[in-house]
>>> print(open('structure.tsv').read())   # TSV, C-alpha atoms and all ligand atoms
chain	number	residue	atom	x	y	z
A	1	MET	CA	0.00	0.00	0.00
A	2	VAL	CA	2.67	2.44	1.04
A	3	SER	CA	4.31	2.54	-2.38
A	4	LEU	CA	1.11	4.04	-3.77
A	5	PHE	CA	1.66	7.07	-1.60
A	6	TRP	CA	5.01	8.08	-3.08
A	7	ASP	CA	3.83	11.63	-3.77
A	8	HIS	CA	2.75	11.90	-0.15
A	9	TYR	CA	6.27	11.20	1.02
A	10	GLY	CA	7.55	13.98	-1.22
A	11	ALA	CA	5.04	16.35	0.36
A	12	ALA	CA	5.93	15.14	3.87
A	13	GLY	CA	9.45	16.39	3.20
A	14	ARG	CA	7.97	19.92	3.28
A	15	LEU	CA	6.18	19.43	6.61
A	16	LEU	CA	8.61	21.59	8.56
A	17	ASP	CA	8.28	24.44	6.03
A	18	GLY	CA	4.51	24.13	6.27
A	19	VAL	CA	4.28	24.29	10.06
A	20	ARG	CA	6.69	27.21	10.06
A	21	GLY	CA	4.04	29.09	8.14
A	22	GLY	CA	5.09	28.42	4.58
A	23	GLY	CA	1.73	26.98	3.48
A	24	THR	CA	0.33	23.52	2.78
A	25	PRO	CA	3.23	21.02	2.49
A	26	TYR	CA	1.71	19.27	-0.54
A	27	GLU	CA	1.46	22.57	-2.43
A	28	LEU	CA	5.03	23.47	-1.52
A	29	TRP	CA	6.12	20.13	-2.97
A	30	SER	CA	3.90	20.19	-6.10
A	31	GLY	CA	4.72	23.75	-7.10
A	32	GLY	CA	1.47	25.31	-5.90
A	33	LYS	CA	-1.13	22.71	-6.87
A	34	GLY	CA	-3.59	21.36	-4.33
A	35	HIS	CA	-3.80	17.57	-4.12
A	36	TRP	CA	-7.22	17.25	-5.79
A	37	ASP	CA	-6.35	19.67	-8.62
A	38	HIS	CA	-2.99	17.99	-9.13
A	39	MET	CA	-4.63	14.57	-9.44
A	40	ALA	CA	-7.14	15.99	-11.91
A	41	GLU	CA	-4.22	16.99	-14.12
A	42	VAL	CA	-2.11	13.84	-13.71
A	43	PRO	CA	-4.16	10.67	-14.36
A	44	GLU	CA	-1.47	8.38	-12.93
A	45	LEU	CA	-1.60	10.22	-9.60
A	46	GLN	CA	-5.38	9.84	-9.58
A	47	ALA	CA	-5.14	6.13	-10.40
A	48	ARG	CA	-2.60	5.56	-7.61
A	49	PHE	CA	-4.79	7.40	-5.16
A	50	ASN	CA	-7.87	5.38	-6.09
A	51	ARG	CA	-5.95	2.12	-5.69
A	52	ALA	CA	-4.48	3.29	-2.40
A	53	MET	CA	-7.92	4.19	-1.04
A	54	THR	CA	-9.26	0.79	-2.02
A	55	GLN	CA	-6.37	-0.98	-0.29
A	56	PHE	CA	-6.46	1.31	2.72
A	57	ASN	CA	-10.15	0.74	3.23
A	58	ASN	CA	-9.61	-3.00	3.21
A	59	LEU	CA	-8.15	-2.39	6.67
A	60	SER	CA	-11.67	-1.59	7.73
A	61	PRO	CA	-13.73	-4.31	6.06
A	62	VAL	CA	-17.10	-3.25	4.76
A	63	GLU	CA	-18.62	-6.32	6.38
A	64	ALA	CA	-17.59	-4.96	9.79
A	65	VAL	CA	-19.40	-1.72	9.02
A	66	PHE	CA	-22.54	-3.50	7.79
A	67	ALA	CA	-22.52	-5.74	10.89
A	68	ALA	CA	-22.23	-2.74	13.23
A	69	TYR	CA	-24.89	-0.72	11.42
A	70	PRO	CA	-27.30	-3.01	9.51
A	71	ALA	CA	-29.49	-0.09	8.41
A	72	LEU	CA	-26.91	0.55	5.70
A	73	THR	CA	-28.13	-2.46	3.78
A	74	SER	CA	-31.80	-2.33	4.76
A	75	ALA	CA	-32.36	1.26	3.57
A	76	PRO	CA	-34.12	1.73	0.21
A	77	ARG	CA	-31.20	3.71	-1.24
A	78	LEU	CA	-27.60	4.64	-0.38
A	79	VAL	CA	-26.04	7.82	-1.73
A	80	ASP	CA	-22.27	7.49	-1.41
A	81	VAL	CA	-20.93	11.05	-1.48
A	82	GLY	CA	-17.26	11.12	-2.51
A	83	GLY	CA	-17.57	7.37	-2.97
A	84	GLY	CA	-14.45	6.99	-5.12
A	85	LEU	CA	-14.55	3.93	-7.36
A	86	GLY	CA	-17.65	2.65	-5.62
A	87	GLY	CA	-16.34	-0.36	-3.68
A	88	PHE	CA	-18.44	0.45	-0.65
A	89	VAL	CA	-21.75	0.98	-2.39
A	90	ARG	CA	-21.14	-2.05	-4.59
A	91	ALA	CA	-20.61	-4.25	-1.51
A	92	ALA	CA	-23.87	-2.95	-0.05
A	93	LEU	CA	-25.78	-3.64	-3.30
A	94	ALA	CA	-24.35	-7.15	-3.52
A	95	ARG	CA	-25.52	-7.84	0.02
A	96	SER	CA	-29.01	-6.46	-0.34
A	97	PRO	CA	-31.13	-7.20	-3.43
A	98	GLY	CA	-33.70	-4.50	-2.65
A	99	LEU	CA	-31.16	-1.71	-2.29
A	100	ARG	CA	-30.49	1.01	-4.85
A	101	GLY	CA	-27.32	3.08	-4.86
A	102	ALA	CA	-26.02	6.39	-6.15
A	103	LEU	CA	-22.29	7.03	-6.51
A	104	PHE	CA	-21.16	10.65	-6.49
A	105	ASP	CA	-17.59	11.89	-6.95
A	106	ARG	CA	-15.54	14.22	-9.12
A	107	PRO	CA	-16.25	13.70	-12.84
A	108	GLN	CA	-12.87	12.11	-13.64
A	109	VAL	CA	-13.31	9.60	-10.80
A	110	ILE	CA	-16.84	8.74	-11.88
A	111	LYS	CA	-15.58	8.13	-15.40
A	112	ARG	CA	-13.12	5.58	-14.08
A	113	ALA	CA	-15.69	4.06	-11.76
A	114	GLN	CA	-18.11	3.55	-14.66
A	115	ALA	CA	-15.42	1.98	-16.83
A	116	ALA	CA	-14.35	-0.36	-14.02
A	117	TRP	CA	-17.99	-1.23	-13.31
A	118	VAL	CA	-18.64	-2.27	-16.91
A	119	GLU	CA	-15.43	-4.32	-17.08
A	120	ASP	CA	-16.26	-6.44	-14.04
A	121	PRO	CA	-18.66	-9.26	-15.00
A	122	GLN	CA	-19.72	-9.65	-11.36
A	123	ASN	CA	-21.57	-6.37	-11.65
A	124	ALA	CA	-23.97	-7.72	-14.26
A	125	ALA	CA	-26.16	-9.06	-11.47
A	126	LEU	CA	-26.36	-5.58	-9.94
A	127	ALA	CA	-27.13	-3.83	-13.20
A	128	GLY	CA	-29.68	-1.11	-13.07
A	129	ARG	CA	-29.44	-0.56	-9.33
A	130	LEU	CA	-26.53	1.91	-9.28
A	131	SER	CA	-26.51	5.39	-10.77
A	132	PHE	CA	-23.33	7.42	-11.37
A	133	HIS	CA	-23.08	11.17	-10.79
A	134	GLY	CA	-20.06	13.36	-11.51
A	135	GLY	CA	-19.74	16.76	-9.83
A	136	SER	CA	-18.39	18.65	-6.88
A	137	PHE	CA	-19.86	18.51	-3.41
A	138	PHE	CA	-19.10	22.22	-3.12
A	139	ASP	CA	-21.52	23.07	-5.94
A	140	ALA	CA	-25.05	23.75	-4.80
A	141	GLY	CA	-27.43	20.97	-5.84
A	142	ALA	CA	-24.75	18.92	-7.64
A	143	MET	CA	-25.01	15.81	-5.52
A	144	PRO	CA	-27.90	13.35	-5.99
A	145	GLN	CA	-30.96	14.49	-4.07
A	146	ALA	CA	-32.99	12.23	-1.80
A	147	GLU	CA	-35.75	10.53	-3.78
A	148	GLY	CA	-37.68	9.11	-0.84
A	149	ASP	CA	-37.69	8.89	2.93
A	150	GLY	CA	-35.39	6.51	4.80
A	151	GLU	CA	-32.48	6.85	2.37
A	152	ILE	CA	-28.95	7.02	3.74
A	153	PHE	CA	-26.25	9.45	2.66
A	154	VAL	CA	-22.74	8.19	3.33
A	155	LEU	CA	-19.56	10.22	3.85
A	156	ARG	CA	-16.76	7.69	4.23
A	157	GLU	CA	-13.37	9.24	4.93
A	158	ILE	CA	-14.45	12.55	3.41
A	159	LEU	CA	-14.65	15.10	6.21
A	160	HIS	CA	-11.12	14.46	7.45
A	161	ASP	CA	-9.81	15.71	4.08
A	162	TRP	CA	-11.12	19.20	4.84
A	163	GLY	CA	-10.85	22.03	7.36
A	164	ASP	CA	-13.95	23.04	9.29
A	165	GLU	CA	-15.26	25.60	6.81
A	166	ASP	CA	-15.14	23.21	3.85
A	167	ALA	CA	-16.41	20.28	5.92
A	168	LEU	CA	-19.37	22.42	6.92
A	169	SER	CA	-20.09	23.30	3.28
A	170	ILE	CA	-20.15	19.60	2.38
A	171	LEU	CA	-22.46	18.79	5.28
A	172	ARG	CA	-24.79	21.64	4.33
A	173	GLU	CA	-25.00	20.28	0.79
A	174	VAL	CA	-25.96	16.85	2.16
A	175	ARG	CA	-28.53	18.50	4.42
A	176	ALA	CA	-30.00	20.35	1.43
A	177	ALA	CA	-30.13	17.12	-0.59
A	178	ILE	CA	-32.14	15.46	2.19
A	179	GLY	CA	-34.59	18.36	2.43
A	180	ALA	CA	-37.74	17.63	4.45
A	181	ARG	CA	-37.36	13.83	4.47
A	182	ALA	CA	-37.08	13.39	8.23
A	183	ARG	CA	-36.30	9.65	8.19
A	184	CYS	CA	-33.29	10.03	5.91
A	185	ARG	CA	-29.97	9.67	7.70
A	186	LEU	CA	-26.42	10.82	7.18
A	187	VAL	CA	-23.82	8.22	8.08
A	188	VAL	CA	-20.29	9.49	8.60
A	189	LEU	CA	-17.65	6.77	8.60
A	190	GLU	CA	-14.46	8.00	10.19
A	191	ALA	CA	-12.09	7.13	13.01
A	192	CYS	CA	-12.82	9.50	15.89
A	193	ILE	CA	-9.60	10.37	17.67
A	194	SER	CA	-11.04	10.29	21.17
A	195	ASN	CA	-12.69	6.95	20.54
A	196	ALA	CA	-9.65	5.29	19.02
A	197	MET	CA	-8.63	2.09	20.71
A	198	ALA	CA	-5.12	2.08	22.08
A	199	SER	CA	-3.94	-0.11	19.23
A	200	THR	CA	-5.07	2.37	16.59
A	201	ALA	CA	-4.34	5.62	18.41
A	202	SER	CA	-0.90	6.14	16.90
A	203	ALA	CA	-2.31	5.35	13.44
A	204	ARG	CA	-4.85	8.17	13.85
A	205	ILE	CA	-2.18	10.61	14.97
A	206	ASN	CA	-0.20	9.66	11.87
A	207	ALA	CA	-3.35	10.18	9.82
A	208	ASP	CA	-3.86	13.61	11.41
A	209	ILE	CA	-0.35	14.69	10.39
A	210	HIS	CA	-0.91	13.16	6.95
A	211	MET	CA	-4.02	15.33	6.51
A	212	LEU	CA	-2.02	18.41	7.49
A	213	VAL	CA	0.64	17.52	4.92
A	214	GLN	CA	-1.84	16.92	2.12
A	215	TYR	CA	-4.50	19.54	2.74
A	216	GLY	CA	-3.28	22.11	5.27
A	217	ASP	CA	-6.20	22.65	7.63
A	218	ALA	CA	-7.67	19.14	7.23
A	219	LYS	CA	-7.64	16.93	10.32
A	220	GLU	CA	-8.85	13.91	12.20
A	221	ARG	CA	-11.63	14.89	14.59
A	222	THR	CA	-13.03	13.95	17.95
A	223	GLU	CA	-16.64	12.87	18.42
A	224	ALA	CA	-17.41	16.28	19.97
A	225	GLN	CA	-15.92	18.08	16.94
A	226	PHE	CA	-18.07	16.01	14.58
A	227	GLU	CA	-21.11	16.72	16.72
A	228	GLY	CA	-20.48	20.48	16.54
A	229	LEU	CA	-20.05	20.46	12.76
A	230	LEU	CA	-23.14	18.32	12.26
A	231	ALA	CA	-25.22	20.62	14.46
A	232	ALA	CA	-24.05	23.68	12.52
A	233	ALA	CA	-25.20	22.00	9.29
A	234	GLY	CA	-28.67	21.07	10.57
A	235	PHE	CA	-28.05	17.52	11.82
A	236	GLU	CA	-28.28	15.91	15.23
A	237	LEU	CA	-25.68	13.29	16.07
A	238	ARG	CA	-27.82	10.40	17.28
A	239	ARG	CA	-25.37	7.52	17.77
A	240	VAL	CA	-21.72	6.64	17.51
A	241	VAL	CA	-21.33	2.92	16.83
A	242	PRO	CA	-17.90	1.28	16.92
A	243	THR	CA	-17.00	-1.31	14.29
A	244	LYS	CA	-14.49	-4.14	14.36
A	245	GLY	CA	-12.40	-2.13	11.90
A	246	LEU	CA	-10.94	1.34	11.94
A	247	PHE	CA	-14.16	3.26	11.51
A	248	PHE	CA	-16.88	4.48	13.80
A	249	VAL	CA	-20.38	4.90	12.42
A	250	LEU	CA	-21.67	8.38	13.27
A	251	GLU	CA	-25.40	8.42	12.62
A	252	ALA	CA	-26.95	11.84	12.14
A	253	ALA	CA	-30.58	12.80	11.64
A	254	PRO	CA	-31.82	15.98	9.95
A	255	VAL	CA	-33.34	18.51	12.35
A	301	LIG	C1	-10.30	9.95	0.98
A	301	LIG	S1	-11.17	9.60	-0.52
A	301	LIG	C2	-12.50	8.56	0.09
A	301	LIG	C3	-13.14	7.76	-1.01
A	301	LIG	C4	-14.25	6.78	-0.54
A	301	LIG	N1	-15.32	7.45	0.20
A	301	LIG	C5	-13.67	5.66	0.26
A	301	LIG	O1	-13.98	5.57	1.46
A	301	LIG	O2	-12.90	4.88	-0.31
A	301	LIG	C6	-11.98	11.15	-0.81
A	301	LIG	C7	-12.88	11.17	-2.02
A	301	LIG	O3	-13.46	12.47	-2.13
A	301	LIG	C8	-13.53	12.80	-3.51
A	301	LIG	N2	-13.62	14.25	-3.66
A	301	LIG	C9	-12.66	15.18	-3.43
A	301	LIG	N3	-13.10	16.41	-3.72
A	301	LIG	C10	-14.39	16.26	-4.16
A	301	LIG	C11	-15.38	17.17	-4.59
A	301	LIG	N4	-15.14	18.48	-4.63
A	301	LIG	N5	-16.59	16.67	-4.94
A	301	LIG	C12	-16.84	15.34	-4.90
A	301	LIG	N6	-15.93	14.42	-4.48
A	301	LIG	C13	-14.72	14.88	-4.11
A	301	LIG	C14	-12.25	12.23	-4.07
A	301	LIG	O4	-12.26	12.10	-5.47
A	301	LIG	C15	-12.15	10.91	-3.33
A	301	LIG	O5	-12.77	9.87	-4.04
>>> encode(input="structure.tsv", output="structure tokens")
Amino acid sequence: MVSLFWDHYGAAGRLLDGVRGGGTPYELWSGGKGHWDHMAEVPELQARFNRAMTQFNNLSPVEAVFAAYPALTSAPRLVDVGGGLGGFVRAALARSPGLRGALFDRPQVIKRAQAAWVEDPQNAALAGRLSFHGGSFFDAGAMPQAEGDGEIFVLREILHDWGDEDALSILREVRAAIGARARCRLVVLEACISNAMASTASARINADIHMLVQYGDAKERTEAQFEGLLAAAGFELRRVVPTKGLFFVLEAAPV
């Protein structure tokens, strides 16, 4: 896995300059380009990142998440916001024949996800149940809107990529997409720092520094920090459910 992050090591070399006030380490390393913009320009970087995310998330098996929070597969529809190549939503669809899914990510990622989906014969059985949507979660109304009550919007390893202001904008977009459907839920899958088990605590601190290197003001958050952001966006944090993997399931309801 680590070899896929070669560009991240280059950026980490600028960590000291960054914390001394020089800017975001990644941008110092890349010559001024933010990580997402840089990947949009360099397909190989994007491909490495997608593979790395897939491998990284294998550390937190989807089955552990579904076991901890069964509503994810019993909902009528999952909207995976920033869902990458779609591994998570695909696993949910394969598990639950009545489920429909929507995969939303940047257009270049969705293009790859669609190509990979068509190439894999195992997806034939799921045909027609997943829709693909390219766009930015910072653009008003760009993400798929709720189509009925009880649907679940998922943000898996998204919020930690952003500082509070941007994270709040993303959450507000999800809140707008849910609208008046009171039984819809937002499920945030992240590792809360304060909840981290001893064995994973150092990994989360590493991840926190990694976020700083890549995105400047991005960070790992505590449960209380998530709760505050959710409240500011019009959600109430209802439950925090641990899983047997890295993630906690933070269930939020629209208020
Ligand atoms: C850390 S990855 C997580 C991917 C996936 N949720 C997972 O758990 O494997 C962050 C994702 O956010 C997407 N992303 C970044 N900026 C975005 C934007 N402005 N709009 C939509 N998606 C974005 C990236 O393309 C990437 O797939």
>>> closest_residue(input="structure.tsv", among="A:Pro144, A:Gly216, A:Gly179, A:Gly86", to="Pro254 of chain A", atoms="only C-alpha atoms")
A:Gly179
>>> closest_residue(input="structure.tsv", among="A:Ser136, A:Gln55, A:Gln214, A:Gln225", to="Gly13 of chain A", atoms="all atoms listed in the file")
A:Gln214
>>> residues_near_ligand(input="structure.tsv", ligand="ligand LIG 301 (chain A)", cutoff="8 Å", atoms="only C-alpha atoms and all ligand atoms", output="CSV table (one decimal) with C-alpha atoms, keeping the file's coordinate frame")
chain,number,residue,atom,x,y,z
A,36,TRP,CA,-7.2,17.2,-5.8
A,50,ASN,CA,-7.9,5.4,-6.1
A,53,MET,CA,-7.9,4.2,-1.0
A,54,THR,CA,-9.3,0.8,-2.0
A,56,PHE,CA,-6.5,1.3,2.7
A,57,ASN,CA,-10.2,0.7,3.2
A,80,ASP,CA,-22.3,7.5,-1.4
A,81,VAL,CA,-20.9,11.0,-1.5
A,82,GLY,CA,-17.3,11.1,-2.5
A,83,GLY,CA,-17.6,7.4,-3.0
A,84,GLY,CA,-14.4,7.0,-5.1
A,85,LEU,CA,-14.6,3.9,-7.4
A,86,GLY,CA,-17.6,2.6,-5.6
A,87,GLY,CA,-16.3,-0.4,-3.7
A,88,PHE,CA,-18.4,0.4,-0.6
A,104,PHE,CA,-21.2,10.6,-6.5
A,105,ASP,CA,-17.6,11.9,-7.0
A,106,ARG,CA,-15.5,14.2,-9.1
A,109,VAL,CA,-13.3,9.6,-10.8
A,134,GLY,CA,-20.1,13.4,-11.5
A,135,GLY,CA,-19.7,16.8,-9.8
A,136,SER,CA,-18.4,18.6,-6.9
A,137,PHE,CA,-19.9,18.5,-3.4
A,138,PHE,CA,-19.1,22.2,-3.1
A,139,ASP,CA,-21.5,23.1,-5.9
A,155,LEU,CA,-19.6,10.2,3.8
A,156,ARG,CA,-16.8,7.7,4.2
A,157,GLU,CA,-13.4,9.2,4.9
A,158,ILE,CA,-14.4,12.6,3.4
A,160,HIS,CA,-11.1,14.5,7.4
A,161,ASP,CA,-9.8,15.7,4.1
>>> closest_residue(input="structure.tsv", among="A:His133, A:Leu126, A:Arg221, A:Gly163", to="Gln108 of chain A", atoms="only C-alpha atoms")
A:His133
>>> residues_around(input="structure.tsv", residues="Ala92 of chain A", least_positions_apart="4", cutoff="10 Å", atoms="only C-alpha atoms", output="list in words")
Val62, Glu63, Phe66, Leu72, Thr73, Ser74, Arg77, Leu78, Gly87, Phe88, Ser96, Pro97, Leu99, Arg100 and Gly101 of chain A
>>> atom_distance(input="structure.tsv", atom1="atom CA of Ala64 of chain A", atom2="atom CA of Gly245 of chain A")
6.3 Å
>>> axis_aligned_box(input="structure.tsv", around="segment 59-71 of chain A", padding_each_side="3 Å", output="JSON")
{"center_x": -18.8, "center_y": -3.2, "center_z": 9.0, "size_x": 27.3, "size_y": 12.2, "size_z": 14.5}
>>> residues_around(input="structure.tsv", residues="Gly148 of chain A", least_positions_apart="4", cutoff="12 Å", atoms="all atoms listed in the file", output="JSON, numbers by chain")
{"A": [75, 76, 77, 78, 79, 100, 144, 152, 153, 177, 178, 179, 180, 181, 182, 183, 184, 185]}
>>> atom_distance(input="structure.tsv", atom1="atom CA of Leu230 of chain A", atom2="atom CA of Tyr69 of chain A")
19.1 Å
>>> closest_residue(input="structure.tsv", among="A:Gly141, A:Ala102, A:Lys33, A:Tyr9", to="Ile170 of chain A", atoms="only C-alpha atoms")
A:Gly141
>>> residues_around(input="structure.tsv", residues="Ala218 of chain A", least_positions_apart="5", cutoff="12 Å", atoms="all atoms listed in the file", output="ChimeraX atom specification")
/A:24,157-167,207-213
>>> residues_around(input="structure.tsv", residues="segment 17-23 of chain A", least_positions_apart="2", cutoff="10 Å", atoms="only C-alpha atoms", output="list of chain:residue names")
A:Ala11, A:Ala12, A:Gly13, A:Arg14, A:Leu15, A:Pro25, A:Tyr26, A:Glu27, A:Leu28, A:Gly32, A:Leu212, A:Val213, A:Tyr215, A:Gly216, A:Asp217
>>> closest_residue(input="structure.tsv", among="A:Leu186, A:Leu250, A:Ile205, A:Leu130", to="Ala224 of chain A", atoms="all atoms listed in the file")
A:Leu250
>>> closest_residue(input="structure.tsv", among="A:Ala125, A:Ala176, A:Ala203, A:Ala68", to="Phe248 of chain A", atoms="only C-alpha atoms")
A:Ala68
>>> atom_distance(input="structure.tsv", atom1="atom CA of Arg204 of chain A", atom2="atom CA of Gly34 of chain A")
22.5 Å
>>> residues_around(input="structure.tsv", residues="Phe235 of chain A", least_positions_apart="2", cutoff="10 Å", atoms="only C-alpha atoms", output="PyMOL selection string")
chain A and resi 171-172+174-175+185-186+227-233+237-238+251-255
>>> residues_near_point(input="structure.tsv", point="(-4.0, 14.5, -4.9)", cutoff="8 Å", atoms="all atoms listed in the file", output="PyMOL selection string")
chain A and resi 34-40+45-46+49+214
